[in-house]
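Student: Sharing protein_30.pdb below, PDB, C-alpha atoms:
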ATOM      1  CA  PRO A  12    -266.333  18.344-183.215
ATOM      2  CA  PRO A  13    -269.973  17.646-182.295
ATOM      3  CA  ASN A  14    -271.421  19.636-185.202
ATOM      4  CA  SER A  15    -269.278  18.058-187.906
ATOM      5  CA  TYR A  16    -270.472  16.022-190.871
ATOM      6  CA  LYS A  17    -268.697  12.934-189.457
ATOM      7  CA  SER A  18    -270.461  13.319-186.111
ATOM      8  CA  ALA A  19    -273.868  13.652-187.774
ATOM      9  CA  GLU A  20    -273.183  10.634-189.985
ATOM     10  CA  ARG A  21    -272.193   8.542-186.924
ATOM     11  CA  GLU A  22    -275.375   9.523-185.074
ATOM     12  CA  ILE A  23    -277.603   8.809-188.066
ATOM     13  CA  ASN A  24    -275.929   5.427-188.540
ATOM     14  CA  LEU A  25    -276.578   4.617-184.886
ATOM     15  CA  PHE A  26    -280.347   4.736-185.457
ATOM     16  CA  PHE A  27    -280.502   3.943-189.183
ATOM     17  CA  PRO A  28    -277.575   1.644-190.019
ATOM     18  CA  THR A  29    -276.668   1.564-193.706
ATOM     19  CA  ARG A  30    -275.076  -1.864-193.436
ATOM     20  CA  PRO A  31    -276.557  -4.678-191.335
ATOM     21  CA  HIS A  32    -274.780  -5.414-188.055
ATOM     22  CA  THR A  33    -271.960  -2.905-188.612
ATOM     23  CA  ASN A  34    -273.249  -0.824-185.734
ATOM     24  CA  THR A  35    -272.194  -2.206-182.352
ATOM     25  CA  PHE A  36    -275.481  -0.969-180.863
ATOM     26  CA  HIS A  37    -277.592  -2.679-183.535
ATOM     27  CA  ARG A  38    -278.081  -6.045-181.800
ATOM     28  CA  PHE A  39    -278.207  -6.515-178.059
ATOM     29  CA  SER A  40    -278.055  -9.895-176.411
ATOM     30  CA  SER A  41    -281.041 -10.663-174.241
ATOM     31  CA  CYS A  42    -280.744 -10.223-170.508
ATOM     32  CA  ALA A  43    -284.019 -12.051-169.846
ATOM     33  CA  ARG A  44    -284.068 -14.203-166.702
ATOM     34  CA  LEU A  45    -286.526 -16.782-168.104
ATOM     35  CA  VAL A  46    -287.328 -18.045-164.588
ATOM     36  CA  ASP A  47    -290.318 -17.043-162.436
ATOM     37  CA  THR A  48    -291.507 -14.648-165.130
ATOM     38  CA  THR A  49    -294.417 -14.088-167.460
ATOM     39  CA  CYS A  50    -294.742 -12.580-170.899
ATOM     40  CA  CYS A  51    -296.505  -9.386-171.892
ATOM     41  CA  VAL A  52    -296.686  -8.076-175.447
ATOM     42  CA  ILE A  53    -297.777  -4.512-176.062
ATOM     43  CA  LEU A  54    -299.673  -4.890-179.327
ATOM     44  CA  PRO A  55    -298.900  -2.922-182.495
ATOM     45  CA  HIS A  56    -302.032  -0.751-182.331
ATOM     46  CA  ALA A  57    -301.026   0.472-178.841
ATOM     47  CA  VAL A  58    -297.463   1.153-180.031
ATOM     48  CA  LYS A  59    -298.782   3.056-183.094
ATOM     49  CA  ASP A  60    -301.101   5.060-180.840
ATOM     50  CA  ARG A  61    -298.087   5.927-178.643
ATOM     51  CA  ARG A  62    -299.548   4.263-175.554
ATOM     52  CA  GLY A  63    -296.503   2.080-174.840
ATOM     53  CA  GLY A  64    -294.996   4.435-172.276
ATOM     54  CA  GLU A  65    -298.267   4.744-170.380
ATOM     55  CA  ILE A  66    -298.657   0.959-170.328
ATOM     56  CA  LEU A  67    -295.090   0.485-169.051
ATOM     57  CA  GLU A  68    -295.703   3.095-166.359
ATOM     58  CA  ALA A  69    -298.945   1.379-165.295
ATOM     59  CA  ILE A  70    -297.098  -1.957-165.005
ATOM     60  CA  TYR A  71    -294.437  -0.391-162.763
ATOM     61  CA  GLU A  72    -297.034   1.433-160.668
ATOM     62  CA  ALA A  73    -298.882  -1.861-160.080
ATOM     63  CA  GLY A  74    -295.737  -3.262-158.457
ATOM     64  CA  PHE A  75    -294.397  -5.479-161.251
ATOM     65  CA  SER A  76    -290.824  -5.468-162.505
ATOM     66  CA  ILE A  77    -289.890  -5.457-166.169
ATOM     67  CA  THR A  78    -286.766  -7.593-166.353
ATOM     68  CA  ALA A  79    -286.413  -7.559-170.155
ATOM     69  CA  LEU A  80    -287.928  -5.496-172.961
ATOM     70  CA  GLN A  81    -287.382  -5.614-176.689
ATOM     71  CA  SER A  82    -289.193  -4.379-179.778
ATOM     72  CA  PHE A  83    -290.146  -6.806-182.528
ATOM     73  CA  HIS A  84    -291.919  -6.647-185.864
ATOM     74  CA  LEU A  85    -293.235 -10.168-186.316
ATOM     75  CA  ASP A  86    -294.088 -11.392-189.782
ATOM     76  CA  PHE A  87    -297.374 -13.244-190.246
ATOM     77  CA  GLY A  88    -295.731 -16.666-189.826
ATOM     78  CA  LYS A  89    -294.036 -15.791-186.521
ATOM     79  CA  ALA A  90    -297.223 -14.200-185.160
ATOM     80  CA  GLU A  91    -299.181 -17.302-186.160
ATOM     81  CA  GLU A  92    -296.569 -19.531-184.513
ATOM     82  CA  PHE A  93    -296.677 -17.553-181.258
ATOM     83  CA  LEU A  94    -300.496 -17.507-181.094
ATOM     84  CA  GLU A  95    -301.000 -21.071-182.356
ATOM     85  CA  ILE A  96    -302.350 -22.297-179.006
ATOM     86  CA  TYR A  97    -305.430 -20.082-179.552
ATOM     87  CA  LYS A  98    -306.151 -21.394-183.072
ATOM     88  CA  ASN A  99    -309.204 -23.502-182.202
ATOM     89  CA  LEU A 100    -310.041 -21.744-178.939
ATOM     90  CA  VAL A 101    -310.980 -18.175-179.890
ATOM     91  CA  ASP A 102    -313.227 -16.909-182.662
ATOM     92  CA  ASN A 103    -310.931 -13.988-183.544
ATOM     93  CA  TYR A 104    -307.704 -15.994-183.969
ATOM     94  CA  GLY A 105    -307.103 -14.739-187.537
ATOM     95  CA  GLU A 106    -307.635 -11.144-186.459
ATOM     96  CA  MET A 107    -305.245 -11.642-183.522
ATOM     97  CA  VAL A 108    -302.516 -12.897-185.880
ATOM     98  CA  LYS A 109    -303.086  -9.965-188.253
ATOM     99  CA  GLU A 110    -302.880  -7.496-185.360
ATOM    100  CA  LEU A 111    -299.691  -8.989-183.927
ATOM    101  CA  SER A 112    -298.026  -8.918-187.353
ATOM    102  CA  SER A 113    -299.307  -5.451-188.311
ATOM    103  CA  GLY A 114    -296.382  -3.462-186.936
ATOM    104  CA  MET A 115    -293.943  -2.980-184.105
ATOM    105  CA  CYS A 116    -294.777  -4.634-180.785
ATOM    106  CA  LEU A 117    -292.961  -4.559-177.449
ATOM    107  CA  ALA A 118    -292.241  -7.858-175.723
ATOM    108  CA  LEU A 119    -291.717  -7.692-171.964
ATOM    109  CA  GLU A 120    -290.522 -10.188-169.425
ATOM    110  CA  ILE A 121    -292.438  -9.466-166.215
ATOM    111  CA  SER A 122    -291.487 -10.576-162.717
ATOM    112  CA  LEU A 123    -292.757  -9.800-159.260
ATOM    113  CA  SER A 124    -291.217  -6.984-157.293
ATOM    114  CA  ASP A 125    -290.614  -7.374-153.573
ATOM    115  CA  SER A 126    -293.999  -5.810-152.833
ATOM    116  CA  LEU A 127    -295.923  -8.689-154.469
ATOM    117  CA  SER A 128    -296.078 -12.413-153.764
ATOM    118  CA  GLY A 129    -297.723 -15.331-155.517
ATOM    119  CA  SER A 130    -297.755 -16.591-159.101
ATOM    120  CA  VAL A 131    -296.466 -13.881-161.433
ATOM    121  CA  VAL A 132    -298.519 -15.323-164.313
ATOM    122  CA  GLU A 133    -301.776 -15.290-162.349
ATOM    123  CA  LEU A 134    -301.225 -11.890-160.725
ATOM    124  CA  PHE A 135    -300.237 -10.243-163.998
ATOM    125  CA  ARG A 136    -303.114 -11.902-165.869
ATOM    126  CA  GLU A 137    -305.503 -10.461-163.270
ATOM    127  CA  PHE A 138    -303.914  -7.013-163.682
ATOM    128  CA  VAL A 139    -304.294  -7.181-167.490
ATOM    129  CA  GLY A 140    -308.014  -7.970-167.223
ATOM    130  CA  PRO A 141    -310.612  -9.597-169.471
ATOM    131  CA  LYS A 142    -309.757  -9.997-173.162
ATOM    132  CA  ASP A 143    -312.677  -7.798-174.222
ATOM    133  CA  PRO A 144    -312.043  -4.167-173.188
ATOM    134  CA  ASN A 145    -315.782  -3.446-173.067
ATOM    135  CA  ILE A 146    -316.269  -6.156-170.456
ATOM    136  CA  ALA A 147    -313.099  -5.026-168.668
ATOM    137  CA  LYS A 148    -314.402  -1.446-168.449
ATOM    138  CA  LYS A 149    -317.550  -2.663-166.710
ATOM    139  CA  LEU A 150    -316.082  -5.334-164.434
ATOM    140  CA  ARG A 151    -312.473  -4.259-163.828
ATOM    141  CA  PRO A 152    -312.021  -0.624-164.923
ATOM    142  CA  ASN A 153    -308.464  -0.278-163.584
ATOM    143  CA  THR A 154    -307.008  -3.119-165.671
ATOM    144  CA  LEU A 155    -304.692  -2.524-168.637
ATOM    145  CA  ARG A 156    -307.254  -3.679-171.185
ATOM    146  CA  ALA A 157    -309.984  -1.496-169.705
ATOM    147  CA  ARG A 158    -307.687   1.531-169.799
ATOM    148  CA  PHE A 159    -305.890   0.983-173.126
ATOM    149  CA  GLY A 160    -307.867  -1.599-175.121
ATOM    150  CA  VAL A 161    -310.074  -0.667-178.065
ATOM    151  CA  THR A 162    -311.655  -3.927-179.276
ATOM    152  CA  LYS A 163    -311.444  -7.620-178.447
ATOM    153  CA  THR A 164    -308.597  -7.902-180.980
ATOM    154  CA  GLU A 165    -306.964  -4.537-180.294
ATOM    155  CA  ASN A 166    -307.003  -5.072-176.545
ATOM    156  CA  ALA A 167    -303.653  -3.323-175.902
ATOM    157  CA  VAL A 168    -301.667  -6.270-174.546
ATOM    158  CA  HIS A 169    -301.234  -9.988-174.782
ATOM    159  CA  CYS A 170    -300.295 -11.802-171.597
ATOM    160  CA  THR A 171    -299.644 -15.403-170.653
ATOM    161  CA  ASP A 172    -302.820 -17.219-169.617
ATOM    162  CA  LEU A 173    -301.514 -20.345-167.861
ATOM    163  CA  PRO A 174    -298.791 -20.562-165.184
ATOM    164  CA  GLU A 175    -297.027 -23.404-167.026
ATOM    165  CA  ASP A 176    -296.732 -21.243-170.172
ATOM    166  CA  GLY A 177    -295.053 -18.212-168.574
ATOM    167  CA  HIS A 178    -291.503 -19.264-169.295
ATOM    168  CA  LEU A 179    -292.416 -20.699-172.731
ATOM    169  CA  GLU A 180    -293.855 -17.439-174.035
ATOM    170  CA  THR A 181    -291.000 -15.433-172.562
ATOM    171  CA  GLU A 182    -288.477 -17.827-174.119
ATOM    172  CA  TYR A 183    -290.148 -17.434-177.515
ATOM    173  CA  PHE A 184    -289.287 -13.741-177.663
ATOM    174  CA  PHE A 185    -286.079 -13.631-175.642
ATOM    175  CA  LYS A 186    -284.466 -16.899-176.745
ATOM    176  CA  VAL A 187    -286.092 -18.447-179.847
ATOM    177  CA  LEU A 188    -286.385 -15.210-181.836
ATOM    178  CA  GLN A 189    -282.842 -14.225-180.827
ATOM    179  CA  ASN A 190    -281.346 -17.048-182.931
TER     180      ASN A 190
END
Can you dump the structure from the file as structure tokens?
Tutor:
Amino acid sequence: PPNSYKSAEREINLFFPTRPHTNTFHRFSSCARLVDTTCCVILPHAVKDRRGGEILEAIYEAGFSITALQSFHLDFGKAEEFLEIYKNLVDNYGEMVKELSSGMCLALEISLSDSLSGSVVELFREFVGPKDPNIAKKLRPNTLRARFGVTKTENAVHCTDLPEDGHLETEYFFKVLQN
């Protein structure tokens, strides 16, 4: 019966497993394509502020496809490893690592839908906008960072900067972290 103690226990265990990996829904294998894609990470502050759904909707409305999505809570070491390329390039590297490791983030594999053509990395990077939301609001007010970013560090999303890194960043979340 749906209102029984056993039924309630099964449903609770689905979302809050008491034993690791005993729930068949606990761990999904990745269905990421890892080809002709780019990476987008919805940062923890945006997830905490419950803006994730709006960001996903904006991505779809702009004509991109989300071919894989998974939530992660990166520890400081994993966040540092992922952002290492920025270590000597940006002045707020330490703050970026702290933000990425501060809570739940959503990693997305983005590809082009049939309505778009070109480099997915470059087109998505343009859609995300300048790293500083204040600059984005003035120069490109319809970008994700202009709409959802708060500060240069809490700028709503991370996205791949260089075309040659698109598959590497996507692989980090959907292949490396899966093992």
Student: Between CA of Ile77 in chain A and CA of Glu120 in chain A, what is the distance in Å, rounded to a tenth?
Tutor: 5.8 Å
Student: So what does the PyMOL selection byres ((chain A and resi 48-61) around 6) actually pick up in this one, as a list in words?
Tutor: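 Checking the PyMOL selection byres ((chain A and resi 48-61) around 6) against this file, the residues are Val46, Asp47, Arg62, Gly63, Gly114, Met115, Cys116, Leu117, Ala118, Leu119, Glu120, Ile121, Ser122, Val132, Ala167, Val168, His169, Cys170, Thr171, Gly177, Glu180 and Thr181 of chain A.
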Student: Which of these residues is nearest to Glu106 in chain A, using all atoms listed in the file: A:Glu65, A:Glu91, A:Glu182, A:Glu175?
Tutor: A:Glu91
Student: Pick from A:Leu123, A:Ile96, A:Ala43, A:Val108: nearest to Ser76 in chain A, with all atoms listed in the file counted?
Tutor: A:Leu123
Student: For CA of Pro174 in chain A and CA of Phe138 in chain A, quote the distance in Å rounded to one decimal.
Tutor: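 Result for CA of Pro174 in chain A versus CA of Phe138 in chain A: 14.6 Å, one decimal.
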Student: From the list A:Asp172, A:Glu95, A:Glu68, A:Asp86, which residue is nearest Gly140 in chain A when using all atoms listed in the file?
Tutor: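 When distances to Gly140 in chain A are compared using all atoms listed in the file, the smallest one comes from A:Asp172.
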Student: At what distance in Å, to one decimal, does CA of Thr78 in chain A lie from CA of Leu127 in chain A?
Tutor: 15.0 Å
Student: When you look at Ala157 in chain A with a cut-off of 6 Å (counting all atoms listed in the file), what residues show up, excluding the ones that are within fewer than 5 positions of it in the same chain? I need them as a list in words.
Tutor: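 Here the qualifying residues turn out to be Pro144, Ala147, Lys148 and Pro152 of chain A.
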Student: With distances taken over all atoms listed in the file, which residue among A:Leu173, A:Ala69, A:Leu150, A:Leu94 lies nearest Val131 in chain A?
Tutor: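 Under the stated criterion, the closest residue is A:Leu173.
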Student: Choose the residue, out of A:Glu110, A:Gly160, A:Ala79, A:Leu155, that has the smallest atom-to-atom separation from Lys186 in chain A; count only C-alpha atoms.
Tutor: A:Ala79
Student: May I have the centre and edge lengths, in Å to one decimal, of an axis-aligned box around the listed atoms of range 166-181 of chain A with 5 Å added to every side, as JSON?
Tutor:
{"center_x": -299.0, "center_y": -13.4, "center_z": -170.9, "size_x": 26.0, "size_y": 30.1, "size_z": 21.4}
Student: Nearest to Lys109 in chain A among A:Lys17, A:Arg136, A:Lys89, A:Lys142, with distances taken over only C-alpha atoms: which residue is it?
Tutor: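 The closest residue to Lys109 in chain A is A:Lys89.
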